[in-house]
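Visitor: Okay, handing you the structure first.
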Protein chains: 2
Amino acid sequence: MDMTNLDKHISSQFNEELERLRTMFLTMGGIVEEQLSNAIKAAVDSDSKLAHEVMAAGVKVNTLEKRIDAECNRIIVRRQPTAGDLRLMHVILKAVSDLERVGDEAERIAAVAMDTFSGTQQTNLLSSLESMGRHVLTVLHDTLDAFSRMDSETAATIHLEDKKIDREYESVMRLLMTYMMEDPRSIPKVLNVVWAARSLERIGDRCQNITEFVIFLVKGIDVRHTDFKQVHEEARGNKQKGLEG
Amino acid sequence: MDMTNLDKHISSQFNEELERLRTMFLTMGGIVEEQLSNAIKAAVDSDSKLAHEVMAAGVKVNTLEKRIDAECNRIIVRRQPTAGDLRLMHVILKAVSDLERVGDEAERIAAVAMDTFSGTQQTNLLSSLESMGRHVLTVLHDTLDAFSRMDSETAATIHLEDKKIDREYESVMRLLMTYMMEDPRSIPKVLNVVWAARSLERIGDRCQNITEFVIFLVKGIDVRHTDFKQVHEEARGNKQKGLEG
């Protein structure tokens with residue numbers, strides 16, 4: 001590449017801007033991860049104070065989402081980036097929406113804790129969520145980690161976890177259905193737990209979206225709506241392929 | 001604006017490209033609208049053939065989503081648009097994800113029809129969805145219409161409808177809960193209808209997102225995570241304000 005000093009200077013400023021954007025995204029990811037961790041804890045321990053903290057953190061997440069979007073826009077207008085850098089910004093624009101909605105689902109889970117914390121034998125019900133919750137939290141953590149390291153192989157591995165989360169969801173749902181059928185008066189309470197389980201399942205979907213974006217960034221191939229096997233082949237294939245632009 | 005002939009030529013080609021992008025988005029919107037309409041009909045009439053059609057249309061929606069994303073990228077790299085045009089493209093990038101997920105929810109509703117079409121007294125249950133479904137369908141239609149006409153005032157009016165959809169959802173849910181409590185054996189079947197109701201409620205949220213994007217495009221103000229009153233003031237305020245860029 002042919003670069004004058006001026007170009008170099010601009011390019012290094014530009015790199016700083018991209019780096020700042022990435023950092024903002026990961027900061028947002030960190031807050032959302034903490035929201036989810038606290039939401040699960042709040043639900044399982046029926047801790048309404050912690051649930052309130054999850055809600056409060058939503059404001060920070062929303063503000064970061066808007067700031068990141070505006071920053072992407074500003075960088076594109078000022079820097080007129082190449083296709084490769086633009087791809088990063090478009091992925092961030094999209095992934096930030098997924099991340100914000102993970103935060104929303106975490107708030108929904110926390111709301112469950114607030115609705116039911118007065119309950120007593122509720123604890124049994126909520127603990128059925130705990131192992132699924134821990135799994136989803138790990139998936140979110142690993143997803144953000146794969147993003148920060150731009151690691152498409154790890155992204156492809158996490159992508160597979162969603163099937164497992166779906167199976168866990170099915171079994172939690174079967175259990176909750178049994179509770180409801182055995183004690184119909186419990187239905188409204190159990191339904192709250194049903195929503196929390198469903199929110200966890202949705203978070204799994206969101207993480208899957210983000211892993212697809214990581215693969216897109218590293219490989220330049222849009223693997224959305226592609227079958228699992230193909231996603232894995234693309235993610236593990238020749239790392240150079242598709243990187244042009 | 002100071003324009004040479006070359007600029008004019010480029011600008012008119014550029015306008016054609018933007019127009020094509022808008023058309024692709026609205027085409028995708030039309031397919032999703034048909035998916036939702038068919039999904040509701042399939043669920044209410046327990047029509048599994050129609051439900052299959054809804055699923056099949058999902059492939060077209062996914063393909064369009066990928067094409068629109070790629071086209072946005074291509075246009076930005078080739079045209080290096082101004083802030084105003086870029087805003088349109090970023091909104092399309094985001095709104096296309098919302099639209100694709102409306103299609104996903106429609107497929108979920110259709111799946112309900114496939115799961116339950118063997119049922120007989122199921123009809124009562126499903127018809128409780130019908131009026132909510134019709135409402136959500138109107139909201140989706142009006143949202144796409146506001147987008148196509150870039151009408152921020154209509155967008156703000158539709159934005160308010162989501163509160164009504166939420167209330168309808170609450171009352172459908174109360175009804176479904178009564179069914180479950182009266183006849184616990186019906187729980188698995190009723191839960192299918194619960195999912196469909198929840199999907200409708202989510203579609204309302206998606207439409208609300210898209211109306212916020214329309215307001216952003218017309219007014220240049222990001223009204224996401226803003227309270228309703230403020231959204232309306234912004235959308236109905238001085239049309240020139242915030243249009244620069």
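Residues are referred to by chain and number: the chain letter is A, B, ... according to the order shown in the structure tokens, the number counts from 1 in that chain, and ligands are numbered separately from 1 in the order shown.
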Pairing every C-alpha atom in order, fit chain A onto chain B and give me the RMSD in Å.
Guide: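 Result: 0.1 Å C-alpha RMSD.
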Visitor: Give me, as JSON lines, the closest atom pair and its distance (Å, one decimal) for every residue of chain B within a cut-off of 7 Å of chain A, counting only C-alpha atoms, rows sorted by chain and rising number.
Guide:
```
{"residue": "B:Asn62", "atom": "CA", "partner": "A:His225", "partner_atom": "CA", "distance": 6.7}
{"residue": "B:Val77", "atom": "CA", "partner": "A:Ala83", "partner_atom": "CA", "distance": 5.9}
{"residue": "B:Gln80", "atom": "CA", "partner": "A:Gln80", "partner_atom": "CA", "distance": 5.9}
{"residue": "B:Thr82", "atom": "CA", "partner": "A:Val77", "partner_atom": "CA", "distance": 6.3}
{"residue": "B:Ala83", "atom": "CA", "partner": "A:Val77", "partner_atom": "CA", "distance": 5.9}
{"residue": "B:Lys94", "atom": "CA", "partner": "A:Lys94", "partner_atom": "CA", "distance": 6.3}
{"residue": "B:Met181", "atom": "CA", "partner": "A:Pro184", "partner_atom": "CA", "distance": 5.0}
{"residue": "B:Pro184", "atom": "CA", "partner": "A:Met181", "partner_atom": "CA", "distance": 5.0}
{"residue": "B:Arg185", "atom": "CA", "partner": "A:Met181", "partner_atom": "CA", "distance": 6.7}
{"residue": "B:Ile187", "atom": "CA", "partner": "A:Met181", "partner_atom": "CA", "distance": 7.0}
{"residue": "B:His225", "atom": "CA", "partner": "A:Asn62", "partner_atom": "CA", "distance": 6.7}
```
Visitor: May I have the residues from that selection written out with C-alpha atoms, as a PDB file, in the first residue's frame?
Guide:
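Dumped to result-v1.pdb:
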```
ATOM      1  CA  ASN B  62     -34.069 -14.150   4.409  1.00  0.00           C
ATOM      2  CA  VAL B  77     -18.316   2.120  -0.456  1.00  0.00           C
ATOM      3  CA  GLN B  80     -19.444   7.711  -0.049  1.00  0.00           C
ATOM      4  CA  THR B  82     -23.408  12.380   2.884  1.00  0.00           C
ATOM      5  CA  ALA B  83     -24.659  12.092   6.456  1.00  0.00           C
ATOM      6  CA  LYS B  94     -31.487  -1.864  11.200  1.00  0.00           C
ATOM      7  CA  MET B 181     -57.016 -23.195  35.102  1.00  0.00           C
ATOM      8  CA  PRO B 184     -55.488 -28.346  33.157  1.00  0.00           C
ATOM      9  CA  ARG B 185     -55.329 -31.078  30.503  1.00  0.00           C
ATOM     10  CA  ILE B 187     -52.457 -26.605  29.142  1.00  0.00           C
ATOM     11  CA  HIS B 225     -35.768   4.786  24.602  1.00  0.00           C
TER      12      HIS B 225
END
```
Visitor: Would you kindly return, as a short mmCIF file (atom, residue, chain, number, x, y, z; two decimals) with all heavy atoms, in the first residue's frame, each protein, DNA or RNA residue with an atom no farther than 10 Å from any atom of segment 29-42 of chain B, considering only C-alpha atoms and excluding same-chain residues fewer than 3 positions away?
Guide:
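Saved result, around.cif, follows:
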```
data_model
loop_
_atom_site.label_atom_id
_atom_site.label_comp_id
_atom_site.auth_asym_id
_atom_site.auth_seq_id
_atom_site.Cartn_x
_atom_site.Cartn_y
_atom_site.Cartn_z
N THR B 23 -37.14 0.26 -2.53
CA THR B 23 -38.09 -0.67 -3.13
C THR B 23 -37.87 -2.09 -2.61
O THR B 23 -38.83 -2.80 -2.31
CB THR B 23 -37.95 -0.65 -4.67
OG1 THR B 23 -38.07 0.71 -5.12
CG2 THR B 23 -39.02 -1.49 -5.34
N MET B 24 -36.59 -2.49 -2.51
CA MET B 24 -36.30 -3.82 -1.98
C MET B 24 -36.84 -3.95 -0.56
O MET B 24 -37.42 -4.97 -0.18
CB MET B 24 -34.79 -4.09 -1.98
CG MET B 24 -34.22 -4.53 -3.32
SD MET B 24 -32.40 -4.40 -3.34
CE MET B 24 -31.94 -5.91 -2.51
N PHE B 25 -36.64 -2.90 0.21
CA PHE B 25 -37.12 -2.93 1.60
C PHE B 25 -38.64 -3.07 1.63
O PHE B 25 -39.18 -3.87 2.39
CB PHE B 25 -36.69 -1.64 2.33
CG PHE B 25 -37.15 -1.59 3.76
CD1 PHE B 25 -36.42 -2.22 4.75
CD2 PHE B 25 -38.31 -0.91 4.12
CE1 PHE B 25 -36.84 -2.19 6.08
CE2 PHE B 25 -38.74 -0.88 5.45
CZ PHE B 25 -38.01 -1.51 6.42
N LEU B 26 -39.32 -2.31 0.78
CA LEU B 26 -40.78 -2.36 0.78
C LEU B 26 -41.30 -3.68 0.20
O LEU B 26 -42.34 -4.19 0.63
CB LEU B 26 -41.36 -1.16 0.03
CG LEU B 26 -41.16 0.17 0.78
CD1 LEU B 26 -41.53 1.36 -0.10
CD2 LEU B 26 -41.94 0.21 2.10
N ASP B 45 -58.08 -20.51 11.27
CA ASP B 45 -58.82 -21.55 10.53
C ASP B 45 -58.20 -22.93 10.66
O ASP B 45 -58.66 -23.88 10.02
CB ASP B 45 -58.88 -21.20 9.02
CG ASP B 45 -59.55 -19.87 8.77
OD1 ASP B 45 -60.20 -19.37 9.72
OD2 ASP B 45 -59.41 -19.32 7.66
N SER B 46 -57.11 -23.04 11.44
CA SER B 46 -56.38 -24.32 11.54
C SER B 46 -56.05 -24.87 10.15
O SER B 46 -56.31 -26.03 9.85
CB SER B 46 -57.19 -25.34 12.33
OG SER B 46 -57.35 -24.90 13.64
N ASP B 47 -55.48 -24.02 9.33
CA ASP B 47 -55.20 -24.37 7.93
C ASP B 47 -53.69 -24.67 7.81
O ASP B 47 -52.87 -23.77 7.68
CB ASP B 47 -55.61 -23.18 7.05
CG ASP B 47 -55.40 -23.43 5.57
OD1 ASP B 47 -54.61 -24.35 5.21
OD2 ASP B 47 -56.01 -22.72 4.76
N SER B 48 -53.36 -25.96 7.82
CA SER B 48 -51.93 -26.31 7.84
C SER B 48 -51.26 -26.07 6.48
O SER B 48 -50.06 -25.83 6.41
CB SER B 48 -51.74 -27.76 8.27
OG SER B 48 -52.29 -28.62 7.30
N LYS B 49 -52.05 -26.12 5.40
CA LYS B 49 -51.48 -25.86 4.09
C LYS B 49 -51.00 -24.41 4.01
O LYS B 49 -49.88 -24.13 3.57
CB LYS B 49 -52.53 -26.14 3.00
CG LYS B 49 -51.95 -26.24 1.60
CD LYS B 49 -52.99 -26.73 0.59
CE LYS B 49 -52.64 -26.25 -0.82
NZ LYS B 49 -52.93 -24.82 -1.07
N LEU B 50 -51.86 -23.51 4.47
CA LEU B 50 -51.50 -22.09 4.47
C LEU B 50 -50.30 -21.85 5.39
O LEU B 50 -49.41 -21.04 5.08
CB LEU B 50 -52.71 -21.26 4.92
CG LEU B 50 -52.66 -19.75 4.67
CD1 LEU B 50 -52.45 -19.45 3.19
CD2 LEU B 50 -53.93 -19.07 5.17
N ALA B 51 -50.28 -22.57 6.51
CA ALA B 51 -49.15 -22.44 7.44
C ALA B 51 -47.84 -22.80 6.74
O ALA B 51 -46.82 -22.13 6.92
CB ALA B 51 -49.37 -23.33 8.66
N HIS B 52 -47.89 -23.85 5.91
CA HIS B 52 -46.69 -24.23 5.15
C HIS B 52 -46.25 -23.12 4.21
O HIS B 52 -45.06 -22.89 4.02
CB HIS B 52 -46.96 -25.52 4.36
CG HIS B 52 -46.75 -26.76 5.19
ND1 HIS B 52 -45.50 -27.15 5.61
CD2 HIS B 52 -47.62 -27.66 5.69
CE1 HIS B 52 -45.61 -28.26 6.33
NE2 HIS B 52 -46.89 -28.59 6.41
N GLU B 53 -47.22 -22.45 3.62
CA GLU B 53 -46.87 -21.33 2.72
C GLU B 53 -46.13 -20.23 3.47
O GLU B 53 -45.21 -19.61 2.94
CB GLU B 53 -48.14 -20.76 2.08
CG GLU B 53 -48.66 -21.60 0.92
CD GLU B 53 -49.96 -21.03 0.35
OE1 GLU B 53 -50.15 -19.81 0.39
OE2 GLU B 53 -50.79 -21.84 -0.13
N VAL B 54 -46.58 -19.97 4.71
CA VAL B 54 -45.92 -18.94 5.51
C VAL B 54 -44.46 -19.30 5.73
O VAL B 54 -43.56 -18.46 5.58
CB VAL B 54 -46.64 -18.77 6.88
CG1 VAL B 54 -45.90 -17.79 7.77
CG2 VAL B 54 -48.08 -18.32 6.68
N MET B 55 -44.22 -20.56 6.06
CA MET B 55 -42.84 -21.03 6.27
C MET B 55 -42.02 -20.85 4.99
O MET B 55 -40.88 -20.39 5.02
CB MET B 55 -42.82 -22.52 6.63
CG MET B 55 -43.73 -22.93 7.75
SD MET B 55 -43.18 -22.23 9.29
CE MET B 55 -44.35 -22.95 10.42
N ALA B 56 -42.63 -21.26 3.87
CA ALA B 56 -41.91 -21.22 2.60
C ALA B 56 -41.49 -19.79 2.25
O ALA B 56 -40.40 -19.56 1.73
CB ALA B 56 -42.76 -21.82 1.49
N ALA B 57 -42.36 -18.83 2.56
CA ALA B 57 -42.04 -17.43 2.22
C ALA B 57 -40.86 -16.91 3.02
O ALA B 57 -40.19 -15.95 2.61
CB ALA B 57 -43.27 -16.56 2.45
N GLY B 58 -40.58 -17.56 4.15
CA GLY B 58 -39.45 -17.14 4.99
C GLY B 58 -38.13 -17.16 4.24
O GLY B 58 -37.27 -16.32 4.48
N LYS B 60 -37.65 -16.44 1.07
CA LYS B 60 -37.56 -15.20 0.28
C LYS B 60 -37.16 -14.01 1.16
O LYS B 60 -36.35 -13.16 0.77
CB LYS B 60 -38.92 -14.89 -0.36
CG LYS B 60 -39.21 -15.70 -1.62
CD LYS B 60 -40.45 -15.18 -2.34
CE LYS B 60 -41.71 -15.83 -1.76
NZ LYS B 60 -42.96 -15.40 -2.42
N VAL B 61 -37.75 -13.96 2.35
CA VAL B 61 -37.46 -12.87 3.28
C VAL B 61 -35.99 -12.87 3.67
O VAL B 61 -35.32 -11.83 3.64
CB VAL B 61 -38.36 -12.96 4.54
CG1 VAL B 61 -37.93 -11.97 5.60
CG2 VAL B 61 -39.82 -12.75 4.17
N VAL B 96 -34.35 -3.63 8.52
CA VAL B 96 -34.44 -4.89 7.81
C VAL B 96 -34.33 -6.06 8.81
O VAL B 96 -35.00 -7.09 8.65
CB VAL B 96 -33.34 -4.91 6.71
CG1 VAL B 96 -32.21 -5.82 7.04
CG2 VAL B 96 -33.93 -5.21 5.36
N LEU B 99 -37.73 -6.27 10.43
CA LEU B 99 -38.68 -6.85 9.48
C LEU B 99 -38.49 -8.37 9.38
O LEU B 99 -39.45 -9.14 9.36
CB LEU B 99 -38.44 -6.20 8.12
CG LEU B 99 -39.62 -6.05 7.18
CD1 LEU B 99 -40.84 -5.50 7.89
CD2 LEU B 99 -39.23 -5.12 6.01
N GLU B 100 -37.23 -8.77 9.33
CA GLU B 100 -36.96 -10.21 9.22
C GLU B 100 -37.51 -10.94 10.44
O GLU B 100 -38.04 -12.04 10.33
CB GLU B 100 -35.44 -10.43 9.09
CG GLU B 100 -35.06 -11.84 8.70
CD GLU B 100 -34.74 -12.72 9.89
OE1 GLU B 100 -34.31 -12.18 10.94
OE2 GLU B 100 -34.91 -13.95 9.80
N ARG B 101 -37.43 -10.28 11.59
CA ARG B 101 -37.92 -10.93 12.80
C ARG B 101 -39.44 -10.90 12.89
O ARG B 101 -40.02 -11.78 13.53
CB ARG B 101 -37.25 -10.34 14.04
CG ARG B 101 -35.88 -11.00 14.19
CD ARG B 101 -34.93 -10.23 15.01
NE ARG B 101 -33.56 -10.63 14.70
CZ ARG B 101 -32.49 -9.95 15.10
NH1 ARG B 101 -32.63 -8.85 15.79
NH2 ARG B 101 -31.29 -10.36 14.76
N VAL B 102 -40.06 -9.94 12.26
CA VAL B 102 -41.53 -9.98 12.15
C VAL B 102 -41.90 -11.25 11.38
O VAL B 102 -42.80 -11.99 11.76
CB VAL B 102 -42.10 -8.73 11.44
CG1 VAL B 102 -43.59 -8.91 11.16
CG2 VAL B 102 -41.88 -7.48 12.28
N GLY B 103 -41.14 -11.50 10.29
CA GLY B 103 -41.37 -12.72 9.51
C GLY B 103 -41.18 -13.97 10.35
O GLY B 103 -41.97 -14.91 10.28
N ASP B 104 -40.12 -13.97 11.18
CA ASP B 104 -39.88 -15.11 12.08
C ASP B 104 -41.07 -15.34 13.02
O ASP B 104 -41.48 -16.48 13.25
CB ASP B 104 -38.65 -14.86 12.97
CG ASP B 104 -37.36 -15.17 12.25
OD1 ASP B 104 -37.42 -15.74 11.13
OD2 ASP B 104 -36.29 -14.85 12.79
N GLU B 105 -41.58 -14.24 13.58
CA GLU B 105 -42.72 -14.37 14.51
C GLU B 105 -43.94 -14.89 13.75
O GLU B 105 -44.70 -15.70 14.28
CB GLU B 105 -43.03 -13.03 15.20
CG GLU B 105 -41.91 -12.43 16.04
CD GLU B 105 -41.59 -13.20 17.31
OE1 GLU B 105 -42.29 -14.18 17.64
OE2 GLU B 105 -40.59 -12.84 17.98
N ALA B 106 -44.11 -14.43 12.51
CA ALA B 106 -45.24 -14.93 11.70
C ALA B 106 -45.10 -16.43 11.51
O ALA B 106 -46.08 -17.18 11.60
CB ALA B 106 -45.28 -14.21 10.35
N GLU B 107 -43.85 -16.88 11.28
CA GLU B 107 -43.64 -18.32 11.13
C GLU B 107 -43.97 -19.05 12.43
O GLU B 107 -44.52 -20.16 12.41
CB GLU B 107 -42.19 -18.61 10.70
CG GLU B 107 -41.95 -18.19 9.25
CD GLU B 107 -40.54 -18.50 8.78
OE1 GLU B 107 -40.07 -19.63 8.96
OE2 GLU B 107 -39.89 -17.58 8.22
N ARG B 108 -43.64 -18.42 13.56
CA ARG B 108 -43.99 -19.04 14.85
C ARG B 108 -45.50 -19.17 15.00
O ARG B 108 -46.01 -20.16 15.51
CB ARG B 108 -43.45 -18.21 16.02
CG ARG B 108 -41.95 -18.34 16.17
CD ARG B 108 -41.49 -17.94 17.57
NE ARG B 108 -40.06 -18.15 17.66
CZ ARG B 108 -39.14 -17.19 17.55
NH1 ARG B 108 -39.51 -15.94 17.40
NH2 ARG B 108 -37.86 -17.48 17.61
N ILE B 109 -46.22 -18.13 14.57
CA ILE B 109 -47.68 -18.17 14.65
C ILE B 109 -48.22 -19.27 13.75
O ILE B 109 -49.12 -20.03 14.13
CB ILE B 109 -48.29 -16.79 14.28
CG1 ILE B 109 -47.84 -15.72 15.30
CG2 ILE B 109 -49.82 -16.86 14.22
CD1 ILE B 109 -48.14 -14.29 14.88
N ALA B 110 -47.64 -19.37 12.56
CA ALA B 110 -48.06 -20.42 11.64
C ALA B 110 -47.80 -21.80 12.22
O ALA B 110 -48.61 -22.72 12.06
CB ALA B 110 -47.36 -20.25 10.29
N ALA B 111 -46.67 -21.94 12.90
CA ALA B 111 -46.33 -23.23 13.52
C ALA B 111 -47.41 -23.66 14.51
O ALA B 111 -47.70 -24.85 14.65
CB ALA B 111 -44.97 -23.14 14.21
N VAL B 112 -47.99 -22.68 15.18
CA VAL B 112 -49.08 -22.96 16.11
C VAL B 112 -50.23 -23.63 15.37
O VAL B 112 -50.80 -24.63 15.84
CB VAL B 112 -49.56 -21.65 16.77
CG1 VAL B 112 -50.85 -21.88 17.54
CG2 VAL B 112 -48.47 -21.11 17.68
N ALA B 113 -50.55 -23.10 14.19
CA ALA B 113 -51.63 -23.68 13.39
C ALA B 113 -51.31 -25.13 13.04
O ALA B 113 -52.17 -26.01 13.05
CB ALA B 113 -51.84 -22.87 12.12
N MET B 114 -50.03 -25.39 12.74
CA MET B 114 -49.65 -26.74 12.35
C MET B 114 -49.71 -27.70 13.53
O MET B 114 -50.06 -28.87 13.38
CB MET B 114 -48.25 -26.73 11.74
CG MET B 114 -48.28 -26.15 10.34
SD MET B 114 -46.66 -25.63 9.82
CE MET B 114 -46.13 -27.09 8.93
N PHE B 117 -53.86 -27.99 14.49
CA PHE B 117 -54.97 -28.05 13.55
C PHE B 117 -55.83 -29.31 13.71
O PHE B 117 -56.97 -29.34 13.28
CB PHE B 117 -54.53 -27.88 12.09
CG PHE B 117 -53.88 -29.10 11.51
CD1 PHE B 117 -54.57 -29.89 10.60
CD2 PHE B 117 -52.58 -29.45 11.86
CE1 PHE B 117 -53.97 -31.02 10.07
CE2 PHE B 117 -51.99 -30.57 11.31
CZ PHE B 117 -52.69 -31.36 10.42
N LEU B 126 -58.42 -20.16 19.41
CA LEU B 126 -57.70 -19.45 18.36
C LEU B 126 -58.41 -18.17 17.95
O LEU B 126 -57.77 -17.18 17.59
CB LEU B 126 -57.48 -20.37 17.16
CG LEU B 126 -56.51 -21.52 17.44
CD1 LEU B 126 -56.55 -22.55 16.32
CD2 LEU B 126 -55.10 -21.00 17.63
N SER B 127 -59.74 -18.21 18.04
CA SER B 127 -60.45 -17.01 17.61
C SER B 127 -60.20 -15.85 18.57
O SER B 127 -60.33 -14.69 18.19
CB SER B 127 -61.95 -17.29 17.46
OG SER B 127 -62.50 -17.51 18.74
N LEU B 129 -57.46 -14.95 19.37
CA LEU B 129 -56.28 -14.30 18.79
C LEU B 129 -56.64 -13.39 17.62
O LEU B 129 -55.88 -12.50 17.26
CB LEU B 129 -55.34 -15.35 18.21
CG LEU B 129 -54.34 -16.06 19.08
CD1 LEU B 129 -53.52 -16.97 18.20
CD2 LEU B 129 -53.44 -15.05 19.78
N GLU B 130 -57.81 -13.68 17.05
CA GLU B 130 -58.11 -13.08 15.75
C GLU B 130 -58.14 -11.55 15.81
O GLU B 130 -57.54 -10.89 14.96
CB GLU B 130 -59.44 -13.62 15.21
CG GLU B 130 -59.59 -13.36 13.73
CD GLU B 130 -60.82 -14.04 13.13
OE1 GLU B 130 -61.67 -14.53 13.91
OE2 GLU B 130 -60.93 -14.06 11.89
N SER B 131 -58.81 -11.01 16.81
CA SER B 131 -58.95 -9.56 16.79
C SER B 131 -57.60 -8.88 17.09
O SER B 131 -57.23 -7.89 16.46
CB SER B 131 -60.06 -9.11 17.75
OG SER B 131 -59.53 -8.53 18.90
N MET B 132 -56.84 -9.48 18.00
CA MET B 132 -55.50 -8.95 18.26
C MET B 132 -54.64 -9.05 16.98
O MET B 132 -53.91 -8.14 16.62
CB MET B 132 -54.84 -9.73 19.40
CG MET B 132 -53.50 -9.18 19.82
SD MET B 132 -52.69 -10.20 21.10
CE MET B 132 -51.09 -9.37 21.18
N GLY B 133 -54.77 -10.19 16.30
CA GLY B 133 -54.02 -10.40 15.06
C GLY B 133 -54.35 -9.35 14.01
O GLY B 133 -53.46 -8.80 13.38
N ARG B 134 -55.64 -9.07 13.88
CA ARG B 134 -56.06 -8.07 12.89
C ARG B 134 -55.47 -6.71 13.22
O ARG B 134 -55.04 -5.97 12.33
CB ARG B 134 -57.58 -7.99 12.84
CG ARG B 134 -58.17 -8.66 11.60
CD ARG B 134 -59.56 -8.15 11.30
NE ARG B 134 -60.44 -8.32 12.45
CZ ARG B 134 -61.30 -9.34 12.60
NH1 ARG B 134 -61.42 -10.24 11.66
NH2 ARG B 134 -62.06 -9.44 13.67
N VAL B 136 -52.70 -6.06 14.95
CA VAL B 136 -51.26 -6.05 14.71
C VAL B 136 -50.97 -5.97 13.21
O VAL B 136 -50.05 -5.26 12.77
CB VAL B 136 -50.59 -7.30 15.33
CG1 VAL B 136 -49.14 -7.40 14.95
CG2 VAL B 136 -50.73 -7.26 16.85
N LEU B 137 -51.79 -6.66 12.42
CA LEU B 137 -51.62 -6.62 10.97
C LEU B 137 -51.80 -5.20 10.43
O LEU B 137 -51.03 -4.74 9.58
CB LEU B 137 -52.62 -7.58 10.32
CG LEU B 137 -52.42 -7.90 8.85
CD1 LEU B 137 -51.05 -8.49 8.57
CD2 LEU B 137 -53.51 -8.87 8.36
N THR B 138 -52.81 -4.51 10.95
CA THR B 138 -53.03 -3.11 10.54
C THR B 138 -51.84 -2.24 10.93
O THR B 138 -51.38 -1.40 10.14
CB THR B 138 -54.30 -2.55 11.22
OG1 THR B 138 -55.38 -3.43 10.95
CG2 THR B 138 -54.64 -1.17 10.69
N LEU B 140 -48.74 -3.18 11.30
CA LEU B 140 -47.62 -3.48 10.40
C LEU B 140 -47.82 -2.79 9.05
O LEU B 140 -46.90 -2.16 8.52
CB LEU B 140 -47.48 -5.00 10.20
CG LEU B 140 -46.43 -5.45 9.18
CD1 LEU B 140 -45.03 -5.02 9.58
CD2 LEU B 140 -46.46 -6.97 8.98
N HIS B 141 -49.05 -2.90 8.53
CA HIS B 141 -49.34 -2.26 7.25
C HIS B 141 -49.09 -0.75 7.31
O HIS B 141 -48.43 -0.18 6.45
CB HIS B 141 -50.80 -2.55 6.86
CG HIS B 141 -51.19 -1.89 5.57
ND1 HIS B 141 -50.96 -2.48 4.34
CD2 HIS B 141 -51.74 -0.69 5.31
CE1 HIS B 141 -51.37 -1.67 3.39
NE2 HIS B 141 -51.85 -0.56 3.95
N THR B 143 -47.26 0.88 9.40
CA THR B 143 -45.84 1.16 9.64
C THR B 143 -45.08 1.20 8.32
O THR B 143 -44.30 2.13 8.05
CB THR B 143 -45.23 0.07 10.56
OG1 THR B 143 -45.91 0.09 11.81
CG2 THR B 143 -43.76 0.31 10.78
N LEU B 144 -45.34 0.19 7.48
CA LEU B 144 -44.65 0.14 6.18
C LEU B 144 -45.10 1.31 5.30
O LEU B 144 -44.30 1.88 4.57
CB LEU B 144 -44.93 -1.20 5.49
CG LEU B 144 -44.32 -2.41 6.19
CD1 LEU B 144 -44.87 -3.72 5.63
CD2 LEU B 144 -42.78 -2.38 6.08
N ASP B 145 -46.37 1.67 5.43
CA ASP B 145 -46.89 2.80 4.68
C ASP B 145 -46.21 4.10 5.12
O ASP B 145 -45.80 4.90 4.29
CB ASP B 145 -48.41 2.86 4.92
CG ASP B 145 -49.08 3.76 3.93
OD1 ASP B 145 -48.81 3.59 2.71
OD2 ASP B 145 -49.86 4.64 4.35
N ALA B 196 -48.42 -17.80 20.33
CA ALA B 196 -48.86 -17.00 19.19
C ALA B 196 -49.21 -15.58 19.64
O ALA B 196 -48.85 -14.60 18.98
CB ALA B 196 -50.05 -17.66 18.51
N LEU B 200 -47.45 -12.05 18.47
CA LEU B 200 -48.15 -10.85 17.99
C LEU B 200 -47.70 -9.62 18.77
O LEU B 200 -47.46 -8.56 18.20
CB LEU B 200 -49.67 -11.04 18.13
CG LEU B 200 -50.33 -11.98 17.11
CD1 LEU B 200 -51.81 -12.17 17.47
CD2 LEU B 200 -50.20 -11.44 15.68
N ILE B 203 -44.39 -8.54 17.55
CA ILE B 203 -44.46 -7.87 16.25
C ILE B 203 -44.82 -6.40 16.46
O ILE B 203 -44.27 -5.51 15.81
CB ILE B 203 -45.48 -8.58 15.32
CG1 ILE B 203 -44.93 -9.96 14.93
CG2 ILE B 203 -45.75 -7.75 14.06
CD1 ILE B 203 -45.88 -10.83 14.12
#
```
Visitor: Between atom CA of His159 of chain A and atom CA of Cys207 of chain A, measure the distance and give it in Å to one decimal.
Guide: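 One can read the atom CA of His159 of chain A to atom CA of Cys207 of chain A distance as 7.8 Å.
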Visitor: So the first atom is atom CA of Ser152 of chain A and the second is atom CA of Ile221 of chain A; what is the distance between them in Å, to one decimal place?
Guide: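 Computing the Euclidean distance for atom CA of Ser152 of chain A and atom CA of Ile221 of chain A yields 11.1 Å.
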Visitor: If you run DSSP on this backbone, which residues of chain B come out as alpha helix (DSSP H), and could you give them as JSON, numbers by chain?
Guide: {"B": [5, 6, 7, 8, 9, 10, 11, 12, 13, 14, 15, 16, 17, 18, 19, 20, 21, 22, 23, 24, 25, 26, 27, 28, 29, 30, 31, 32, 33, 34, 35, 36, 37, 38, 39, 40, 41, 42, 43, 44, 45, 48, 49, 50, 51, 52, 53, 54, 55, 56, 57, 58, 59, 60, 61, 62, 63, 64, 65, 66, 67, 68, 69, 70, 71, 72, 73, 74, 75, 76, 77, 78, 79, 83, 84, 85, 86, 87, 88, 89, 90, 91, 92, 93, 94, 95, 96, 97, 98, 99, 100, 101, 102, 103, 104, 105, 106, 107, 108, 109, 110, 111, 112, 113, 114, 115, 116, 122, 123, 124, 125, 126, 127, 128, 129, 130, 131, 132, 133, 134, 135, 136, 137, 138, 139, 140, 141, 142, 143, 144, 145, 146, 147, 148, 149, 152, 153, 154, 155, 156, 157, 158, 159, 160, 161, 162, 163, 164, 165, 166, 167, 168, 169, 170, 171, 172, 173, 174, 175, 176, 177, 178, 179, 180, 181, 182, 187, 188, 189, 190, 191, 192, 193, 194, 195, 196, 197, 198, 199, 200, 201, 202, 203, 204, 205, 206, 207, 208, 209, 210, 211, 212, 213, 214, 215, 216, 217, 218, 219, 228, 229, 230, 231, 232, 233, 234, 235, 236]}
